[in-house]
Each structure stands twice: as C-alpha cells, then as structure tokens.
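Colleague: PDB, C-alpha atoms, pLDDT in the B column, file coords-v6.pdb:
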```
ATOM      1  CA  MET A   1     -31.357 -32.137  -4.670  1.00 41.00           C
ATOM      2  CA  THR A   2     -31.618 -28.340  -4.784  1.00 50.00           C
ATOM      3  CA  GLU A   3     -35.174 -27.137  -4.466  1.00 49.00           C
ATOM      4  CA  VAL A   4     -35.896 -24.100  -6.626  1.00 49.00           C
ATOM      5  CA  LYS A   5     -38.744 -21.979  -5.332  1.00 52.00           C
ATOM      6  CA  GLU A   6     -40.547 -19.211  -7.142  1.00 61.00           C
ATOM      7  CA  ASN A   7     -39.296 -15.636  -6.790  1.00 80.00           C
ATOM      8  CA  VAL A   8     -36.162 -16.356  -4.827  1.00 82.00           C
ATOM      9  CA  PRO A   9     -34.900 -13.119  -3.243  1.00 87.00           C
ATOM     10  CA  LEU A  10     -31.415 -11.915  -4.211  1.00 88.00           C
ATOM     11  CA  GLU A  11     -30.289 -12.062  -0.563  1.00 88.00           C
ATOM     12  CA  VAL A  12     -31.137 -15.780  -0.472  1.00 87.00           C
ATOM     13  CA  VAL A  13     -29.110 -16.365  -3.640  1.00 87.00           C
ATOM     14  CA  ARG A  14     -26.166 -14.370  -2.219  1.00 90.00           C
ATOM     15  CA  LYS A  15     -26.113 -16.773   0.757  1.00 91.00           C
ATOM     16  CA  SER A  16     -26.640 -19.905  -1.346  1.00 91.00           C
ATOM     17  CA  PRO A  17     -24.289 -22.754  -0.397  1.00 92.00           C
ATOM     18  CA  ALA A  18     -24.149 -23.832  -4.055  1.00 92.00           C
ATOM     19  CA  LEU A  19     -22.964 -20.369  -5.111  1.00 94.00           C
ATOM     20  CA  HIS A  20     -20.372 -20.132  -2.332  1.00 93.00           C
ATOM     21  CA  GLU A  21     -19.053 -23.673  -2.829  1.00 95.00           C
ATOM     22  CA  THR A  22     -18.633 -23.177  -6.578  1.00 95.00           C
ATOM     23  CA  ILE A  23     -16.927 -19.813  -6.120  1.00 95.00           C
ATOM     24  CA  ALA A  24     -14.678 -21.182  -3.365  1.00 95.00           C
ATOM     25  CA  PHE A  25     -13.682 -24.075  -5.632  1.00 95.00           C
ATOM     26  CA  TRP A  26     -12.711 -21.800  -8.534  1.00 96.00           C
ATOM     27  CA  PHE A  27     -11.029 -19.140  -6.353  1.00 96.00           C
ATOM     28  CA  SER A  28      -8.768 -21.729  -4.631  1.00 95.00           C
ATOM     29  CA  ASP A  29      -5.528 -23.228  -5.873  1.00 93.00           C
ATOM     30  CA  ARG A  30      -5.021 -26.999  -5.766  1.00 89.00           C
ATOM     31  CA  ASP A  31      -2.412 -29.405  -7.086  1.00 83.00           C
ATOM     32  CA  HIS A  32      -4.360 -30.012 -10.297  1.00 83.00           C
ATOM     33  CA  LEU A  33      -5.971 -26.580 -10.630  1.00 88.00           C
ATOM     34  CA  ARG A  34      -5.018 -22.969 -10.107  1.00 94.00           C
ATOM     35  CA  SER A  35      -7.645 -20.289  -9.976  1.00 97.00           C
ATOM     36  CA  PRO A  36      -7.937 -18.554 -13.334  1.00 97.00           C
ATOM     37  CA  PHE A  37      -9.519 -15.472 -11.737  1.00 97.00           C
ATOM     38  CA  PRO A  38      -7.311 -12.513 -10.792  1.00 96.00           C
ATOM     39  CA  PRO A  39      -7.746 -11.489  -7.141  1.00 96.00           C
ATOM     40  CA  ALA A  40      -8.609  -7.914  -8.198  1.00 96.00           C
ATOM     41  CA  ILE A  41     -11.923  -8.999  -9.809  1.00 97.00           C
ATOM     42  CA  ARG A  42     -13.091 -11.601  -7.291  1.00 97.00           C
ATOM     43  CA  GLU A  43     -15.320  -9.393  -5.153  1.00 97.00           C
ATOM     44  CA  GLU A  44     -17.129  -7.903  -8.146  1.00 97.00           C
ATOM     45  CA  LEU A  45     -17.210 -11.310  -9.843  1.00 97.00           C
ATOM     46  CA  THR A  46     -18.914 -12.837  -6.799  1.00 96.00           C
ATOM     47  CA  GLU A  47     -21.580 -10.129  -6.798  1.00 96.00           C
ATOM     48  CA  ARG A  48     -22.173 -10.380 -10.549  1.00 97.00           C
ATOM     49  CA  ALA A  49     -22.450 -14.153 -10.274  1.00 96.00           C
ATOM     50  CA  ALA A  50     -25.048 -13.812  -7.517  1.00 96.00           C
ATOM     51  CA  VAL A  51     -27.095 -11.309  -9.545  1.00 96.00           C
ATOM     52  CA  GLN A  52     -26.924 -13.405 -12.736  1.00 96.00           C
ATOM     53  CA  PHE A  53     -27.727 -16.632 -10.913  1.00 94.00           C
ATOM     54  CA  HIS A  54     -30.653 -14.864  -9.224  1.00 93.00           C
ATOM     55  CA  LYS A  55     -31.994 -13.826 -12.643  1.00 94.00           C
ATOM     56  CA  TRP A  56     -31.574 -17.366 -14.004  1.00 93.00           C
ATOM     57  CA  VAL A  57     -33.328 -18.992 -11.034  1.00 89.00           C
ATOM     58  CA  ASN A  58     -36.270 -16.617 -11.239  1.00 88.00           C
ATOM     59  CA  LEU A  59     -36.648 -16.978 -15.013  1.00 89.00           C
ATOM     60  CA  LEU A  60     -36.769 -20.775 -14.934  1.00 86.00           C
ATOM     61  CA  ASP A  61     -39.894 -22.253 -16.428  1.00 82.00           C
ATOM     62  CA  PRO A  62     -42.044 -23.594 -13.558  1.00 77.00           C
ATOM     63  CA  LYS A  63     -42.018 -27.062 -15.180  1.00 77.00           C
ATOM     64  CA  ALA A  64     -38.187 -27.043 -15.334  1.00 76.00           C
ATOM     65  CA  LYS A  65     -37.795 -26.022 -11.694  1.00 72.00           C
ATOM     66  CA  GLY A  66     -38.687 -29.522 -10.536  1.00 76.00           C
ATOM     67  CA  GLU A  67     -35.945 -31.012 -12.717  1.00 80.00           C
ATOM     68  CA  VAL A  68     -33.117 -28.760 -11.534  1.00 82.00           C
ATOM     69  CA  ASP A  69     -30.627 -30.706  -9.419  1.00 85.00           C
ATOM     70  CA  ASP A  70     -27.307 -29.828  -7.753  1.00 85.00           C
ATOM     71  CA  GLU A  71     -25.320 -30.733 -10.874  1.00 89.00           C
ATOM     72  CA  VAL A  72     -27.383 -28.417 -13.100  1.00 88.00           C
ATOM     73  CA  VAL A  73     -27.096 -25.621 -10.526  1.00 90.00           C
ATOM     74  CA  GLY A  74     -23.322 -26.055 -10.229  1.00 91.00           C
ATOM     75  CA  GLU A  75     -22.843 -26.072 -13.998  1.00 94.00           C
ATOM     76  CA  LYS A  76     -24.960 -22.942 -14.401  1.00 95.00           C
ATOM     77  CA  ILE A  77     -23.042 -21.116 -11.676  1.00 96.00           C
ATOM     78  CA  GLU A  78     -19.726 -22.062 -13.333  1.00 96.00           C
ATOM     79  CA  GLU A  79     -21.027 -20.841 -16.685  1.00 97.00           C
ATOM     80  CA  ILE A  80     -22.077 -17.543 -15.085  1.00 97.00           C
ATOM     81  CA  ILE A  81     -18.752 -17.102 -13.256  1.00 97.00           C
ATOM     82  CA  PHE A  82     -16.664 -17.649 -16.375  1.00 98.00           C
ATOM     83  CA  ALA A  83     -18.844 -15.431 -18.597  1.00 98.00           C
ATOM     84  CA  SER A  84     -18.884 -12.658 -15.984  1.00 97.00           C
ATOM     85  CA  ALA A  85     -15.117 -12.844 -15.528  1.00 98.00           C
ATOM     86  CA  MET A  86     -14.588 -12.408 -19.265  1.00 97.00           C
ATOM     87  CA  GLU A  87     -16.591  -9.165 -19.025  1.00 97.00           C
ATOM     88  CA  LEU A  88     -14.444  -7.921 -16.135  1.00 97.00           C
ATOM     89  CA  VAL A  89     -10.957  -8.446 -17.606  1.00 96.00           C
ATOM     90  CA  THR A  90      -9.492  -6.570 -20.551  1.00 91.00           C
ATOM     91  CA  ASP A  91      -5.985  -8.049 -20.627  1.00 93.00           C
ATOM     92  CA  ALA A  92      -5.534 -10.677 -23.367  1.00 94.00           C
ATOM     93  CA  GLU A  93      -3.403 -12.839 -21.072  1.00 95.00           C
ATOM     94  CA  GLN A  94      -6.100 -12.909 -18.379  1.00 96.00           C
ATOM     95  CA  ARG A  95      -8.698 -13.813 -21.016  1.00 96.00           C
ATOM     96  CA  ILE A  96      -6.626 -16.803 -22.138  1.00 97.00           C
ATOM     97  CA  THR A  97      -6.239 -17.957 -18.525  1.00 96.00           C
ATOM     98  CA  ILE A  98      -9.971 -17.696 -17.840  1.00 97.00           C
ATOM     99  CA  ARG A  99     -10.946 -19.379 -21.087  1.00 96.00           C
ATOM    100  CA  TYR A 100      -8.370 -22.192 -20.737  1.00 95.00           C
ATOM    101  CA  PRO A 101      -7.660 -22.560 -17.004  1.00 94.00           C
ATOM    102  CA  PHE A 102      -5.781 -25.851 -17.363  1.00 92.00           C
ATOM    103  CA  MET A 103      -3.240 -24.643 -19.946  1.00 94.00           C
ATOM    104  CA  PRO A 104       0.318 -23.495 -19.129  1.00 94.00           C
ATOM    105  CA  ARG A 105       0.667 -19.865 -18.045  1.00 95.00           C
ATOM    106  CA  PRO A 106       3.575 -17.405 -18.194  1.00 96.00           C
ATOM    107  CA  GLY A 107       6.114 -18.351 -15.540  1.00 96.00           C
ATOM    108  CA  ASP A 108       5.125 -22.022 -15.564  1.00 96.00           C
ATOM    109  CA  PRO A 109       7.866 -24.612 -15.962  1.00 96.00           C
ATOM    110  CA  ILE A 110       7.849 -26.529 -19.224  1.00 96.00           C
ATOM    111  CA  THR A 111      10.291 -28.986 -20.789  1.00 95.00           C
ATOM    112  CA  SER A 112      11.555 -28.616 -24.351  1.00 92.00           C
ATOM    113  CA  SER A 113      11.539 -31.517 -26.790  1.00 89.00           C
ATOM    114  CA  GLU A 114      15.269 -31.914 -25.997  1.00 90.00           C
ATOM    115  CA  GLY A 115      14.462 -32.179 -22.285  1.00 92.00           C
ATOM    116  CA  ALA A 116      15.728 -28.713 -21.296  1.00 94.00           C
ATOM    117  CA  GLU A 117      14.027 -27.071 -18.318  1.00 96.00           C
ATOM    118  CA  SER A 118      12.288 -23.929 -19.465  1.00 97.00           C
ATOM    119  CA  LYS A 119       9.696 -21.358 -18.421  1.00 97.00           C
ATOM    120  CA  VAL A 120       6.707 -20.103 -20.393  1.00 98.00           C
ATOM    121  CA  ILE A 121       7.290 -16.456 -21.293  1.00 97.00           C
ATOM    122  CA  ALA A 122       4.340 -15.685 -23.605  1.00 97.00           C
ATOM    123  CA  ARG A 123       1.232 -17.205 -25.176  1.00 97.00           C
ATOM    124  CA  LYS A 124      -1.328 -16.401 -27.821  1.00 96.00           C
ATOM    125  CA  ILE A 125      -4.272 -18.054 -29.533  1.00 96.00           C
ATOM    126  CA  GLU A 126      -4.028 -18.908 -33.223  1.00 96.00           C
ATOM    127  CA  LYS A 127      -6.621 -20.338 -35.577  1.00 95.00           C
ATOM    128  CA  GLU A 128      -6.046 -22.773 -38.415  1.00 94.00           C
ATOM    129  CA  GLY A 129      -9.321 -23.160 -40.223  1.00 93.00           C
ATOM    130  CA  LYS A 130     -11.817 -24.067 -37.524  1.00 94.00           C
ATOM    131  CA  ASP A 131      -9.143 -25.430 -35.141  1.00 95.00           C
ATOM    132  CA  GLY A 132      -7.657 -23.330 -32.364  1.00 95.00           C
ATOM    133  CA  PHE A 133      -4.200 -23.611 -30.842  1.00 97.00           C
ATOM    134  CA  LEU A 134      -2.468 -22.096 -27.854  1.00 97.00           C
ATOM    135  CA  MET A 135       0.960 -20.990 -29.054  1.00 97.00           C
ATOM    136  CA  VAL A 136       3.467 -20.991 -26.203  1.00 97.00           C
ATOM    137  CA  LEU A 137       6.837 -19.245 -26.230  1.00 97.00           C
ATOM    138  CA  ALA A 138       9.333 -20.568 -23.683  1.00 98.00           C
ATOM    139  CA  ARG A 139      12.889 -19.804 -22.610  1.00 97.00           C
ATOM    140  CA  GLU A 140      15.360 -22.468 -21.505  1.00 97.00           C
ATOM    141  CA  THR A 141      16.427 -21.773 -17.946  1.00 95.00           C
ATOM    142  CA  GLY A 142      20.106 -22.586 -18.494  1.00 92.00           C
ATOM    143  CA  SER A 143      20.906 -21.280 -21.975  1.00 95.00           C
ATOM    144  CA  GLY A 144      18.249 -18.594 -22.416  1.00 96.00           C
ATOM    145  CA  LYS A 145      17.378 -20.120 -25.800  1.00 96.00           C
ATOM    146  CA  GLU A 146      13.784 -19.408 -26.813  1.00 97.00           C
ATOM    147  CA  TRP A 147      11.563 -22.023 -28.394  1.00 97.00           C
ATOM    148  CA  SER A 148       7.864 -22.480 -29.052  1.00 96.00           C
ATOM    149  CA  THR A 149       5.252 -25.174 -29.056  1.00 96.00           C
ATOM    150  CA  ARG A 150       1.515 -25.321 -29.429  1.00 95.00           C
ATOM    151  CA  PHE A 151      -1.419 -27.083 -27.818  1.00 95.00           C
ATOM    152  CA  GLU A 152      -4.661 -27.874 -29.599  1.00 95.00           C
ATOM    153  CA  LEU A 153      -7.575 -26.184 -27.851  1.00 95.00           C
ATOM    154  CA  PRO A 154     -10.829 -27.921 -27.008  1.00 88.00           C
TER     155      PRO A 154
END
```
Write out the structure in this file as structure tokens.
Modeller:
Amino acid sequence: MTEVKENVPLEVVRKSPALHETIAFWFSDRDHLRSPFPPAIREELTERAAVQFHKWVNLLDPKAKGEVDDEVVGEKIEEIIFASAMELVTDAEQRITIRYPFMPRPGDPITSSEGAESKVIARKIEKEGKDGFLMVLARETGSGKEWSTRFELP
C-alpha cells in the first residue's frame, strides 16, 4: 500500500515509483497497446503529471490519506496524464488517439466487410443524440477503393 504523508515535496513526487511506472506503461508500445502520447510532448507531459500529482497528494483530506492505496494512486496518475496530454496537443487526430487509445489509427490495417485488406486513412468523431461514434475511412490495399465504417465509443 502507498503511504501518503503530509506535505510531500515535489522532488519526492518526481521520483515516485508509482508515477514512473504508470508513465513508463503508457509511453511504451506492447502487443495489445500502443502509446497514445506523441514523443514530442512526453517530457513536458511527465513534468506536468508530476506537478499535478503533487498538488493532488497535498490536497488530500487527512482522513482520506489513510485509504489511498496503489490502485487509487495509479488511477489518479492515469487521469492526470490523459488530461494533461489533452492540454498539450492541438491536432484533432492526436486528441482522438489520446481519448481512445485502443481504437484504430491512420495507417493501421483493417479488413473490409468483403474481406479486403485495407488501411485506415482518416477518422473523425460523430454524435448521434447522446451516442458517439468513431467514423473510420479506409482504403483497400489492392484496388484503392475507399470505404468507411464506424465504432461505437464508450
């Protein structure tokens, strides 16, 4: 369990294993996950995450500090990283990737309903009432034919 002490110095937070492990997880590519964070923002994102996490730790109610465990800390750091990243990027495509890191991205392979190998060439978010969808435009690798599909967003 992570012990939260009063008035934790920023330097201690910057060196926090929980902060570094969470950042390392989200900055690394794996079979099931690619980092949604562009390399150009990672240094500033790490510093912003440390500063925001420092503020959160030091503003915790003293009664709540005893109930904070590793899971709560990890979730808060993730929340901070994603919110901070959204402040750092201005490109709509990067915003979609950060907001929906598990969805297909431009350049990703995708198969059409007819089974044709294709690549994602564009995406955008659309709303229908209160439901959101990721609209994906793809191009068949062989014929060059363009087609689209959509994924319901969580």
Colleague: Spell out the residues picked by the PyMOL selection byres ((chain A and resi 46) around 9) here, as an MDAnalysis selection string.
Modeller: chainID A and resid 14 19:20 23 41:45 47:51 81
Colleague: Can you list what the PyMOL selection byres ((chain A and resi 144) around 12) grabs from this structure, as number ranges by chain?
Modeller: A: 116-121, 138-143, 145-147
Colleague: Determine the residue membership of the PyMOL selection byres ((chain A and resi 35-37) around 7) for the file above and supply it as an MDAnalysis selection string.
Modeller: chainID A and resid 26:29 33:34 38:39 42 97:98 101
Colleague: Residues as selected, C-alpha atoms, written as a tab-separated table (two decimals), in the coordinates of the input, can you do that?
Modeller:
```tsv
chain	number	residue	atom	x	y	z
A	26	TRP	CA	-12.71	-21.80	-8.53
A	27	PHE	CA	-11.03	-19.14	-6.35
A	28	SER	CA	-8.77	-21.73	-4.63
A	29	ASP	CA	-5.53	-23.23	-5.87
A	33	LEU	CA	-5.97	-26.58	-10.63
A	34	ARG	CA	-5.02	-22.97	-10.11
A	38	PRO	CA	-7.31	-12.51	-10.79
A	39	PRO	CA	-7.75	-11.49	-7.14
A	42	ARG	CA	-13.09	-11.60	-7.29
A	97	THR	CA	-6.24	-17.96	-18.52
A	98	ILE	CA	-9.97	-17.70	-17.84
A	101	PRO	CA	-7.66	-22.56	-17.00
```
Colleague: What does the structure give for the distance between CA of Leu153 in chain A and CA of Gly107 in chain A, in Å to one decimal?
Modeller: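 Separating CA of Leu153 in chain A from CA of Gly107 in chain A is a distance of 20.0 Å.
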Colleague: When you draw a straight line from CA of Phe25 in chain A to CA of Thr111 in chain A, how long is it in Å?
Modeller: 28.8 Å
Colleague: Residues around (-33.5, -16.7, -8.9), cut-off 9 Å, counting all atoms listed in the file - what are they as an MDAnalysis selection string?
Modeller: chainID A and resid 4:10 12:13 51:60
Colleague: Would you write out those residues with C-alpha atoms, as a PDB file, keeping the file's coordinate frame?
Modeller:
```pdb
ATOM      1  CA  VAL A   4     -35.896 -24.100  -6.626  1.00 49.00           C
ATOM      2  CA  LYS A   5     -38.744 -21.979  -5.332  1.00 52.00           C
ATOM      3  CA  GLU A   6     -40.547 -19.211  -7.142  1.00 61.00           C
ATOM      4  CA  ASN A   7     -39.296 -15.636  -6.790  1.00 80.00           C
ATOM      5  CA  VAL A   8     -36.162 -16.356  -4.827  1.00 82.00           C
ATOM      6  CA  PRO A   9     -34.900 -13.119  -3.243  1.00 87.00           C
ATOM      7  CA  LEU A  10     -31.415 -11.915  -4.211  1.00 88.00           C
ATOM      8  CA  VAL A  12     -31.137 -15.780  -0.472  1.00 87.00           C
ATOM      9  CA  VAL A  13     -29.110 -16.365  -3.640  1.00 87.00           C
ATOM     10  CA  VAL A  51     -27.095 -11.309  -9.545  1.00 96.00           C
ATOM     11  CA  GLN A  52     -26.924 -13.405 -12.736  1.00 96.00           C
ATOM     12  CA  PHE A  53     -27.727 -16.632 -10.913  1.00 94.00           C
ATOM     13  CA  HIS A  54     -30.653 -14.864  -9.224  1.00 93.00           C
ATOM     14  CA  LYS A  55     -31.994 -13.826 -12.643  1.00 94.00           C
ATOM     15  CA  TRP A  56     -31.574 -17.366 -14.004  1.00 93.00           C
ATOM     16  CA  VAL A  57     -33.328 -18.992 -11.034  1.00 89.00           C
ATOM     17  CA  ASN A  58     -36.270 -16.617 -11.239  1.00 88.00           C
ATOM     18  CA  LEU A  59     -36.648 -16.978 -15.013  1.00 89.00           C
ATOM     19  CA  LEU A  60     -36.769 -20.775 -14.934  1.00 86.00           C
TER      20      LEU A  60
END
```
Colleague: CA of Ile77 in chain A and CA of Ala18 in chain A are how many Å apart?
Modeller: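 Straight-line distance from CA of Ile77 in chain A to CA of Ala18 in chain A works out to 8.2 Å.
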